[in-house]
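What follows is structure_0.cif (mmCIF, N, CA and C atoms).
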```
data_input
#
loop_
_atom_site.label_atom_id
_atom_site.label_comp_id
_atom_site.auth_asym_id
_atom_site.auth_seq_id
_atom_site.Cartn_x
_atom_site.Cartn_y
_atom_site.Cartn_z
N MET U 1 106.25 -13.02 165.54
CA MET U 1 107.61 -12.57 165.36
C MET U 1 107.95 -12.47 163.87
N ILE U 2 107.52 -13.46 163.10
CA ILE U 2 107.79 -13.46 161.66
C ILE U 2 107.02 -12.31 161.01
N ARG U 3 105.81 -12.06 161.50
CA ARG U 3 105.01 -10.97 160.95
C ARG U 3 105.71 -9.62 161.18
N ALA U 4 106.30 -9.42 162.35
CA ALA U 4 107.02 -8.18 162.65
C ALA U 4 108.26 -8.05 161.77
N ALA U 5 108.95 -9.14 161.55
CA ALA U 5 110.15 -9.12 160.70
C ALA U 5 109.77 -8.78 159.26
N LEU U 6 108.67 -9.37 158.76
CA LEU U 6 108.24 -9.06 157.40
C LEU U 6 107.78 -7.60 157.29
N GLY U 7 107.13 -7.09 158.34
CA GLY U 7 106.73 -5.68 158.34
C GLY U 7 107.93 -4.75 158.30
N LEU U 8 108.98 -5.12 159.04
CA LEU U 8 110.20 -4.30 159.05
C LEU U 8 110.89 -4.33 157.69
N VAL U 9 110.94 -5.50 157.06
CA VAL U 9 111.54 -5.61 155.73
C VAL U 9 110.73 -4.78 154.72
N GLY U 10 109.40 -4.83 154.83
CA GLY U 10 108.55 -4.03 153.93
C GLY U 10 108.77 -2.54 154.13
N LEU U 11 108.90 -2.11 155.38
CA LEU U 11 109.14 -0.69 155.67
C LEU U 11 110.48 -0.24 155.12
N LEU U 12 111.50 -1.04 155.30
CA LEU U 12 112.83 -0.68 154.78
C LEU U 12 112.82 -0.64 153.26
N GLY U 13 112.06 -1.53 152.63
CA GLY U 13 111.94 -1.51 151.18
C GLY U 13 111.25 -0.26 150.68
N ALA U 14 110.23 0.18 151.42
CA ALA U 14 109.52 1.41 151.03
C ALA U 14 110.42 2.63 151.20
N LEU U 15 111.24 2.64 152.23
CA LEU U 15 112.15 3.78 152.44
C LEU U 15 113.23 3.85 151.37
N ALA U 16 113.59 2.72 150.80
CA ALA U 16 114.61 2.71 149.76
C ALA U 16 114.11 3.39 148.49
N VAL U 17 112.79 3.43 148.28
CA VAL U 17 112.21 4.04 147.09
C VAL U 17 112.22 5.57 147.19
N VAL U 18 112.15 6.12 148.42
CA VAL U 18 112.10 7.57 148.62
C VAL U 18 113.49 8.15 148.37
N PRO U 19 113.62 9.16 147.50
CA PRO U 19 114.94 9.75 147.25
C PRO U 19 115.42 10.52 148.47
N PRO U 20 116.71 10.49 148.74
CA PRO U 20 117.24 11.20 149.90
C PRO U 20 117.15 12.72 149.71
N ALA U 21 116.96 13.43 150.81
CA ALA U 21 116.92 14.89 150.77
C ALA U 21 118.34 15.41 150.57
N SER U 22 118.46 16.41 149.74
CA SER U 22 119.78 16.95 149.44
C SER U 22 119.69 18.44 149.19
N ALA U 23 120.68 19.17 149.65
CA ALA U 23 120.72 20.61 149.40
C ALA U 23 121.22 20.90 148.00
N GLU U 24 121.88 19.93 147.40
CA GLU U 24 122.38 20.12 146.05
C GLU U 24 121.38 19.58 145.04
N GLY U 25 121.60 19.82 143.81
CA GLY U 25 120.70 19.31 142.79
C GLY U 25 119.81 20.42 142.28
N ASN U 26 118.55 20.12 142.11
CA ASN U 26 117.60 21.06 141.53
C ASN U 26 117.24 22.14 142.54
N SER U 27 117.76 23.33 142.37
CA SER U 27 117.50 24.45 143.28
C SER U 27 116.63 25.47 142.56
N ASP U 28 115.38 25.11 142.36
CA ASP U 28 114.50 26.01 141.63
C ASP U 28 113.68 26.91 142.56
N TYR U 29 114.19 27.16 143.74
CA TYR U 29 113.55 28.07 144.67
C TYR U 29 114.60 28.93 145.34
N SER U 30 114.14 29.92 146.08
CA SER U 30 115.01 30.83 146.81
C SER U 30 114.55 30.85 148.26
N VAL U 31 115.46 31.07 149.19
CA VAL U 31 115.13 31.15 150.60
C VAL U 31 115.27 32.60 151.05
N LEU U 32 114.19 33.13 151.63
CA LEU U 32 114.18 34.49 152.17
C LEU U 32 113.97 34.38 153.67
N MET U 33 114.94 34.88 154.44
CA MET U 33 114.86 34.87 155.90
C MET U 33 114.70 36.31 156.39
N ILE U 34 113.78 36.52 157.32
CA ILE U 34 113.55 37.84 157.91
C ILE U 34 113.55 37.68 159.41
N SER U 35 114.37 38.48 160.10
CA SER U 35 114.45 38.38 161.56
C SER U 35 114.13 39.73 162.20
N ARG U 36 113.66 39.65 163.42
CA ARG U 36 113.35 40.85 164.20
C ARG U 36 114.16 40.79 165.48
N GLU U 37 115.17 41.62 165.54
CA GLU U 37 116.01 41.65 166.73
C GLU U 37 115.51 42.74 167.66
N ARG U 38 115.53 42.46 168.93
CA ARG U 38 114.90 43.33 169.93
C ARG U 38 115.42 44.75 169.89
N LEU U 39 116.68 44.96 169.70
CA LEU U 39 117.25 46.30 169.78
C LEU U 39 116.99 47.14 168.53
N GLU U 40 116.66 46.50 167.43
CA GLU U 40 116.44 47.23 166.18
C GLU U 40 115.09 47.93 166.14
N VAL U 41 114.05 47.28 166.67
CA VAL U 41 112.70 47.84 166.67
C VAL U 41 112.25 47.94 168.12
N ALA U 42 112.02 49.15 168.58
CA ALA U 42 111.80 49.40 170.01
C ALA U 42 110.36 49.22 170.46
N THR U 43 109.53 48.58 169.69
CA THR U 43 108.15 48.37 170.09
C THR U 43 107.92 46.90 170.43
N SER U 44 107.00 46.64 171.33
CA SER U 44 106.66 45.26 171.66
C SER U 44 105.47 44.77 170.83
N CYS U 45 105.01 45.59 169.90
CA CYS U 45 103.89 45.21 169.04
C CYS U 45 104.31 44.13 168.05
N GLU U 46 103.34 43.35 167.64
CA GLU U 46 103.56 42.33 166.63
C GLU U 46 103.72 43.00 165.26
N ILE U 47 104.65 42.51 164.45
CA ILE U 47 104.87 43.04 163.11
C ILE U 47 104.39 42.01 162.09
N GLY U 48 103.56 42.46 161.17
CA GLY U 48 103.09 41.59 160.09
C GLY U 48 103.99 41.71 158.88
N ILE U 49 104.35 40.58 158.30
CA ILE U 49 105.15 40.53 157.08
C ILE U 49 104.20 40.17 155.94
N TYR U 50 104.11 41.04 154.95
CA TYR U 50 103.24 40.82 153.80
C TYR U 50 104.11 40.56 152.57
N LEU U 51 103.84 39.44 151.90
CA LEU U 51 104.51 39.12 150.64
C LEU U 51 103.48 39.28 149.54
N ASN U 52 103.76 40.18 148.60
CA ASN U 52 102.83 40.48 147.51
C ASN U 52 101.42 40.75 148.04
N ASP U 53 101.35 41.59 149.07
CA ASP U 53 100.10 42.04 149.71
C ASP U 53 99.29 40.94 150.38
N GLN U 54 99.92 39.83 150.73
CA GLN U 54 99.28 38.75 151.49
C GLN U 54 100.02 38.59 152.81
N LEU U 55 99.29 38.60 153.94
CA LEU U 55 99.93 38.39 155.23
C LEU U 55 100.56 37.00 155.25
N ALA U 56 101.89 36.96 155.40
CA ALA U 56 102.62 35.70 155.33
C ALA U 56 103.19 35.27 156.67
N ALA U 57 103.44 36.23 157.59
CA ALA U 57 104.02 35.89 158.88
C ALA U 57 103.74 37.01 159.88
N ARG U 58 103.83 36.65 161.16
CA ARG U 58 103.70 37.60 162.26
C ARG U 58 104.92 37.40 163.15
N LEU U 59 105.60 38.49 163.48
CA LEU U 59 106.81 38.39 164.28
C LEU U 59 106.72 39.23 165.54
N PHE U 60 107.05 38.63 166.67
CA PHE U 60 107.26 39.35 167.92
C PHE U 60 108.76 39.56 168.08
N GLN U 61 109.16 40.20 169.15
CA GLN U 61 110.57 40.44 169.39
C GLN U 61 111.33 39.12 169.45
N GLU U 62 112.56 39.15 168.91
CA GLU U 62 113.49 38.02 168.93
C GLU U 62 113.00 36.82 168.11
N GLN U 63 112.09 37.02 167.17
CA GLN U 63 111.63 35.94 166.32
C GLN U 63 112.15 36.14 164.90
N SER U 64 112.14 35.06 164.15
CA SER U 64 112.49 35.13 162.74
C SER U 64 111.62 34.15 161.96
N THR U 65 111.58 34.34 160.67
CA THR U 65 110.81 33.46 159.80
C THR U 65 111.57 33.29 158.50
N SER U 66 111.24 32.25 157.77
CA SER U 66 111.87 32.04 156.46
C SER U 66 110.82 31.51 155.49
N PHE U 67 111.07 31.79 154.23
CA PHE U 67 110.14 31.42 153.16
C PHE U 67 110.92 30.75 152.04
N ASN U 68 110.37 29.70 151.47
CA ASN U 68 110.88 29.11 150.24
C ASN U 68 110.02 29.68 149.13
N LEU U 69 110.62 30.49 148.28
CA LEU U 69 109.87 31.21 147.25
C LEU U 69 110.42 30.90 145.87
N PRO U 70 109.58 30.98 144.85
CA PRO U 70 110.10 30.82 143.49
C PRO U 70 110.97 32.01 143.12
N PRO U 71 111.92 31.83 142.22
CA PRO U 71 112.76 32.95 141.82
C PRO U 71 111.93 34.02 141.12
N GLY U 72 112.41 35.27 141.22
CA GLY U 72 111.73 36.39 140.60
C GLY U 72 111.46 37.48 141.61
N PRO U 73 110.71 38.50 141.21
CA PRO U 73 110.45 39.62 142.11
C PRO U 73 109.40 39.27 143.16
N VAL U 74 109.59 39.80 144.37
CA VAL U 74 108.61 39.67 145.45
C VAL U 74 108.57 41.01 146.18
N ASP U 75 107.36 41.49 146.46
CA ASP U 75 107.18 42.73 147.22
C ASP U 75 106.98 42.39 148.69
N VAL U 76 107.80 43.00 149.55
CA VAL U 76 107.73 42.76 150.99
C VAL U 76 107.32 44.06 151.67
N ARG U 77 106.26 43.96 152.48
CA ARG U 77 105.78 45.12 153.23
C ARG U 77 105.60 44.70 154.68
N MET U 78 105.84 45.63 155.61
CA MET U 78 105.70 45.36 157.03
C MET U 78 104.79 46.40 157.66
N ARG U 79 104.04 45.97 158.67
CA ARG U 79 103.21 46.91 159.40
C ARG U 79 102.96 46.39 160.80
N LEU U 80 102.70 47.31 161.73
CA LEU U 80 102.33 46.92 163.08
C LEU U 80 100.92 46.36 163.04
N LEU U 81 100.73 45.26 163.75
CA LEU U 81 99.42 44.61 163.78
C LEU U 81 98.71 44.94 165.08
N PRO U 82 97.41 45.20 165.01
CA PRO U 82 96.67 45.45 166.24
C PRO U 82 96.64 44.17 167.07
N GLY U 83 96.76 44.33 168.38
CA GLY U 83 96.78 43.16 169.23
C GLY U 83 96.39 43.52 170.65
N GLN U 84 96.86 42.72 171.58
CA GLN U 84 96.52 42.89 172.98
C GLN U 84 97.31 44.02 173.65
N MET U 85 98.43 44.40 173.08
CA MET U 85 99.27 45.44 173.69
C MET U 85 98.67 46.81 173.42
N PRO U 86 98.68 47.69 174.41
CA PRO U 86 98.18 49.05 174.17
C PRO U 86 99.11 49.81 173.21
N GLY U 87 98.51 50.59 172.33
CA GLY U 87 99.29 51.40 171.40
C GLY U 87 99.71 50.67 170.14
N CYS U 88 99.22 49.47 169.92
CA CYS U 88 99.62 48.71 168.74
C CYS U 88 98.69 48.88 167.56
N ALA U 89 97.59 49.57 167.75
CA ALA U 89 96.69 49.79 166.63
C ALA U 89 97.37 50.72 165.63
N ALA U 90 97.42 50.28 164.40
CA ALA U 90 98.10 51.07 163.37
C ALA U 90 97.24 52.27 162.99
N GLY U 91 97.88 53.40 162.81
CA GLY U 91 97.20 54.60 162.34
C GLY U 91 97.43 54.75 160.85
N VAL U 92 97.70 55.97 160.42
CA VAL U 92 98.01 56.20 159.01
C VAL U 92 99.41 55.64 158.77
N GLU U 93 99.52 54.77 157.78
CA GLU U 93 100.78 54.09 157.53
C GLU U 93 101.32 54.39 156.15
N ASP U 94 102.61 54.24 156.05
CA ASP U 94 103.26 54.30 154.75
C ASP U 94 103.05 52.94 154.09
N GLN U 95 102.39 52.89 152.96
CA GLN U 95 102.05 51.64 152.31
C GLN U 95 103.10 51.17 151.31
N ARG U 96 104.28 51.73 151.36
CA ARG U 96 105.31 51.33 150.40
C ARG U 96 105.84 49.95 150.76
N SER U 97 106.31 49.27 149.75
CA SER U 97 106.90 47.96 149.95
C SER U 97 108.31 47.94 149.35
N THR U 98 109.06 46.93 149.72
CA THR U 98 110.41 46.75 149.20
C THR U 98 110.36 45.61 148.19
N ARG U 99 110.84 45.86 146.99
CA ARG U 99 110.87 44.82 145.96
C ARG U 99 112.23 44.13 146.00
N LEU U 100 112.18 42.82 146.18
CA LEU U 100 113.38 42.00 146.17
C LEU U 100 113.35 41.11 144.94
N ASN U 101 114.47 40.98 144.26
CA ASN U 101 114.58 40.08 143.11
C ASN U 101 115.35 38.85 143.56
N LEU U 102 114.64 37.74 143.70
CA LEU U 102 115.23 36.50 144.19
C LEU U 102 115.70 35.65 143.03
N LYS U 103 116.82 34.98 143.24
CA LYS U 103 117.40 34.10 142.22
C LYS U 103 117.32 32.66 142.72
N ALA U 104 117.21 31.73 141.81
CA ALA U 104 117.15 30.32 142.16
C ALA U 104 118.40 29.91 142.92
N GLY U 105 118.20 29.21 144.03
CA GLY U 105 119.32 28.75 144.85
C GLY U 105 119.88 29.79 145.80
N GLN U 106 119.38 31.01 145.77
CA GLN U 106 119.89 32.10 146.60
C GLN U 106 119.29 32.03 148.01
N ILE U 107 120.10 32.32 149.02
CA ILE U 107 119.64 32.45 150.40
C ILE U 107 119.88 33.90 150.80
N SER U 108 118.80 34.61 151.14
CA SER U 108 118.89 36.03 151.51
C SER U 108 118.39 36.20 152.94
N LYS U 109 119.11 36.99 153.71
CA LYS U 109 118.71 37.25 155.09
C LYS U 109 118.59 38.76 155.29
N TYR U 110 117.47 39.17 155.89
CA TYR U 110 117.22 40.57 156.19
C TYR U 110 116.77 40.69 157.64
N ARG U 111 117.01 41.84 158.23
CA ARG U 111 116.50 42.12 159.55
C ARG U 111 115.61 43.34 159.49
N ILE U 112 114.62 43.38 160.35
CA ILE U 112 113.70 44.50 160.41
C ILE U 112 114.32 45.58 161.27
N ALA U 113 114.31 46.80 160.78
CA ALA U 113 114.86 47.94 161.52
C ALA U 113 113.89 49.12 161.38
N THR U 114 114.10 50.11 162.21
CA THR U 114 113.30 51.33 162.13
C THR U 114 114.13 52.39 161.42
N GLY U 115 113.57 52.93 160.35
CA GLY U 115 114.24 53.99 159.60
C GLY U 115 113.48 55.29 159.73
N THR U 116 113.85 56.26 158.95
CA THR U 116 113.20 57.57 159.01
C THR U 116 111.76 57.52 158.51
N ARG U 117 111.44 56.52 157.68
CA ARG U 117 110.08 56.41 157.13
C ARG U 117 109.33 55.21 157.70
N GLY U 118 109.74 54.70 158.84
CA GLY U 118 109.06 53.58 159.46
C GLY U 118 109.88 52.30 159.40
N LEU U 119 109.20 51.18 159.34
CA LEU U 119 109.87 49.88 159.31
C LEU U 119 110.51 49.65 157.95
N GLU U 120 111.71 49.09 157.97
CA GLU U 120 112.42 48.80 156.72
C GLU U 120 113.24 47.52 156.88
N LEU U 121 113.62 46.96 155.74
CA LEU U 121 114.47 45.77 155.72
C LEU U 121 115.91 46.19 155.50
N ARG U 122 116.80 45.57 156.26
CA ARG U 122 118.24 45.79 156.07
C ARG U 122 118.90 44.44 155.85
N GLN U 123 119.75 44.38 154.85
CA GLN U 123 120.46 43.13 154.54
C GLN U 123 121.31 42.73 155.75
N ALA U 124 121.33 41.44 156.05
CA ALA U 124 122.12 40.92 157.15
C ALA U 124 123.00 39.78 156.63
N SER U 125 124.07 39.51 157.35
CA SER U 125 124.95 38.42 156.95
C SER U 125 124.35 37.09 157.40
N LEU U 126 124.70 36.02 156.70
CA LEU U 126 124.13 34.71 157.03
C LEU U 126 124.70 34.14 158.32
N ASP U 127 125.96 34.41 158.63
CA ASP U 127 126.60 33.95 159.89
C ASP U 127 126.38 32.48 160.18
N TYR U 128 126.83 31.61 159.30
CA TYR U 128 126.71 30.17 159.55
C TYR U 128 127.84 29.70 160.40
#
```

Kindly transcribe the structure held in the file into structure tokens.
Amino acid sequence: MIRAALGLVGLLGALAVVPPASAEGNSDYSVLMISRERLEVATSCEIGIYLNDQLAARLFQEQSTSFNLPPGPVDVRMRLLPGQMPGCAAGVEDQRSTRLNLKAGQISKYRIATGTRGLELRQASLDY
């Protein structure tokens, strides 16, 4: 019993050393949220999100993802990914990307939509 009590006191002492998590303070990163709403993109294919030409996420319908990124420019590109669904193999694609300039402490939300030139990002409200 005494051993358990000493273990508990030691654990509480160790937790006191860890600084509490806080949204305020040093905000040297930016949050980028990207969502895929079912009605915006009429395909059931998986969409790949590329940040600076690196595959960073895969989204199916009604999914979203978020990234903690350093401030500065980031290139975002989207493409249909080949998968189990028929017709999802990408053909000739537009390889253009969207450049976003992120600021420290900024929270940005975008949704994927279909435009005249394929998949595109549209700014969305945060709706907290």

- Task: Return as a list in words the set of residues that the PyMOL selection byres (((chain U and resi 105 and name CA) around 6) and name CA) yields on the displayed structure.
- Result: Ser27, Tyr29, Ser30, Ala104 and Gln106 of chain U

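Contact shell of Tyr110 (chain U) at 6.5 Å (all atoms listed in the file; same-chain neighbours under 4 positions omitted): Leu32, Met33, Ile34, Ser35, Leu121, Arg122, Gln123 and Ala124 of chain U.
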
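We find CA of Ile47 (chain U) and atom N of Pro82 (chain U) to be spaced 8.0 Å apart.
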
So what does the PyMOL selection byres ((chain U and resi 64) around 8) actually pick up in this one, as an mmCIF file with N, CA and C atoms, in the coordinates of the input?
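Output contents, as saved in part.cif:
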```
data_model
loop_
_atom_site.group_PDB
_atom_site.id
_atom_site.type_symbol
_atom_site.label_atom_id
_atom_site.label_comp_id
_atom_site.auth_asym_id
_atom_site.auth_seq_id
_atom_site.Cartn_x
_atom_site.Cartn_y
_atom_site.Cartn_z
ATOM 1 N N MET U 33 114.940 34.880 154.440
ATOM 2 C CA MET U 33 114.860 34.870 155.900
ATOM 3 C C MET U 33 114.700 36.310 156.390
ATOM 4 N N ILE U 34 113.780 36.520 157.320
ATOM 5 C CA ILE U 34 113.550 37.840 157.910
ATOM 6 C C ILE U 34 113.550 37.680 159.410
ATOM 7 N N SER U 35 114.370 38.480 160.100
ATOM 8 C CA SER U 35 114.450 38.380 161.560
ATOM 9 C C SER U 35 114.130 39.730 162.200
ATOM 10 N N ARG U 36 113.660 39.650 163.420
ATOM 11 C CA ARG U 36 113.350 40.850 164.200
ATOM 12 C C ARG U 36 114.160 40.790 165.480
ATOM 13 N N GLU U 37 115.170 41.620 165.540
ATOM 14 C CA GLU U 37 116.010 41.650 166.730
ATOM 15 C C GLU U 37 115.510 42.740 167.660
ATOM 16 N N ARG U 58 103.830 36.650 161.160
ATOM 17 C CA ARG U 58 103.700 37.600 162.260
ATOM 18 C C ARG U 58 104.920 37.400 163.150
ATOM 19 N N LEU U 59 105.600 38.490 163.480
ATOM 20 C CA LEU U 59 106.810 38.390 164.280
ATOM 21 C C LEU U 59 106.720 39.230 165.540
ATOM 22 N N PHE U 60 107.050 38.630 166.670
ATOM 23 C CA PHE U 60 107.260 39.350 167.920
ATOM 24 C C PHE U 60 108.760 39.560 168.080
ATOM 25 N N GLN U 61 109.160 40.200 169.150
ATOM 26 C CA GLN U 61 110.570 40.440 169.390
ATOM 27 C C GLN U 61 111.330 39.120 169.450
ATOM 28 N N GLU U 62 112.560 39.150 168.910
ATOM 29 C CA GLU U 62 113.490 38.020 168.930
ATOM 30 C C GLU U 62 113.000 36.820 168.110
ATOM 31 N N GLN U 63 112.090 37.020 167.170
ATOM 32 C CA GLN U 63 111.630 35.940 166.320
ATOM 33 C C GLN U 63 112.150 36.140 164.900
ATOM 34 N N THR U 65 111.580 34.340 160.670
ATOM 35 C CA THR U 65 110.810 33.460 159.800
ATOM 36 C C THR U 65 111.570 33.290 158.500
ATOM 37 N N SER U 66 111.240 32.250 157.770
ATOM 38 C CA SER U 66 111.870 32.040 156.460
ATOM 39 C C SER U 66 110.820 31.510 155.490
#
```

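If you look at CA of Leu39 (chain U) and CA of Pro73 (chain U), they are 29.3 Å away from each other.
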
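Across U:Ala56, U:Leu100, U:Leu69, U:Cys45, the tightest approach to Pro86 (chain U) is made by U:Cys45 when counting all atoms listed in the file.
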
- Separation of CA of Ala113 (chain U) and CA of Gln54 (chain U), in Å? 20.7 Å

- Item | Residues of region 41-106 of chain U in strand (DSSP E), written as a PyMOL selection string | chain U and resi 47-51+54-59+64-69+72-80+98-102

Quick one: apply the PyMOL selection byres ((chain U and resi 72) around 5) to the file and drop the selected residues here as a PDB file with N, CA and C atoms, in the frame of the given file.
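Once everything was written out, this is selection.pdb:
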```
ATOM      1  N   PRO U  70     109.580  30.980 144.850  1.00  0.00           N
ATOM      2  CA  PRO U  70     110.100  30.820 143.490  1.00  0.00           C
ATOM      3  C   PRO U  70     110.970  32.010 143.120  1.00  0.00           C
ATOM      4  N   PRO U  71     111.920  31.830 142.220  1.00  0.00           N
ATOM      5  CA  PRO U  71     112.760  32.950 141.820  1.00  0.00           C
ATOM      6  C   PRO U  71     111.930  34.020 141.120  1.00  0.00           C
ATOM      7  N   PRO U  73     110.710  38.500 141.210  1.00  0.00           N
ATOM      8  CA  PRO U  73     110.450  39.620 142.110  1.00  0.00           C
ATOM      9  C   PRO U  73     109.400  39.270 143.160  1.00  0.00           C
ATOM     10  N   VAL U  74     109.590  39.800 144.370  1.00  0.00           N
ATOM     11  CA  VAL U  74     108.610  39.670 145.450  1.00  0.00           C
ATOM     12  C   VAL U  74     108.570  41.010 146.180  1.00  0.00           C
ATOM     13  N   ASN U 101     114.470  40.980 144.260  1.00  0.00           N
ATOM     14  CA  ASN U 101     114.580  40.080 143.110  1.00  0.00           C
ATOM     15  C   ASN U 101     115.350  38.850 143.560  1.00  0.00           C
ATOM     16  N   LEU U 102     114.640  37.740 143.700  1.00  0.00           N
ATOM     17  CA  LEU U 102     115.230  36.500 144.190  1.00  0.00           C
ATOM     18  C   LEU U 102     115.700  35.650 143.030  1.00  0.00           C
ATOM     19  N   LYS U 103     116.820  34.980 143.240  1.00  0.00           N
ATOM     20  CA  LYS U 103     117.400  34.100 142.220  1.00  0.00           C
ATOM     21  C   LYS U 103     117.320  32.660 142.720  1.00  0.00           C
TER      22      LYS U 103
END
```

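Of the listed residues (U:Leu119, U:Asp127, U:Val31, U:Val41), U:Leu119 comes nearest to Thr98 (chain U); the distances count only C-alpha atoms.
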
- Surrounding residues of Ile49 (chain U) excluding itself and chain neighbours under 6 positions, 8 Å, only N, CA and C atoms, as number ranges by chain: U: 55-59, 76-80

Go ahead and fit an axis-aligned box to every listed atom of region 71-87 of chain U plus 8 Å each side, and pass me the centre and edge lengths in Å, one decimal, as lines of an AutoDock Vina configuration file.
```
center_x = 104.6
center_y = 41.6
center_z = 157.5
size_x = 32.4
size_y = 35.6
size_z = 49.8
```
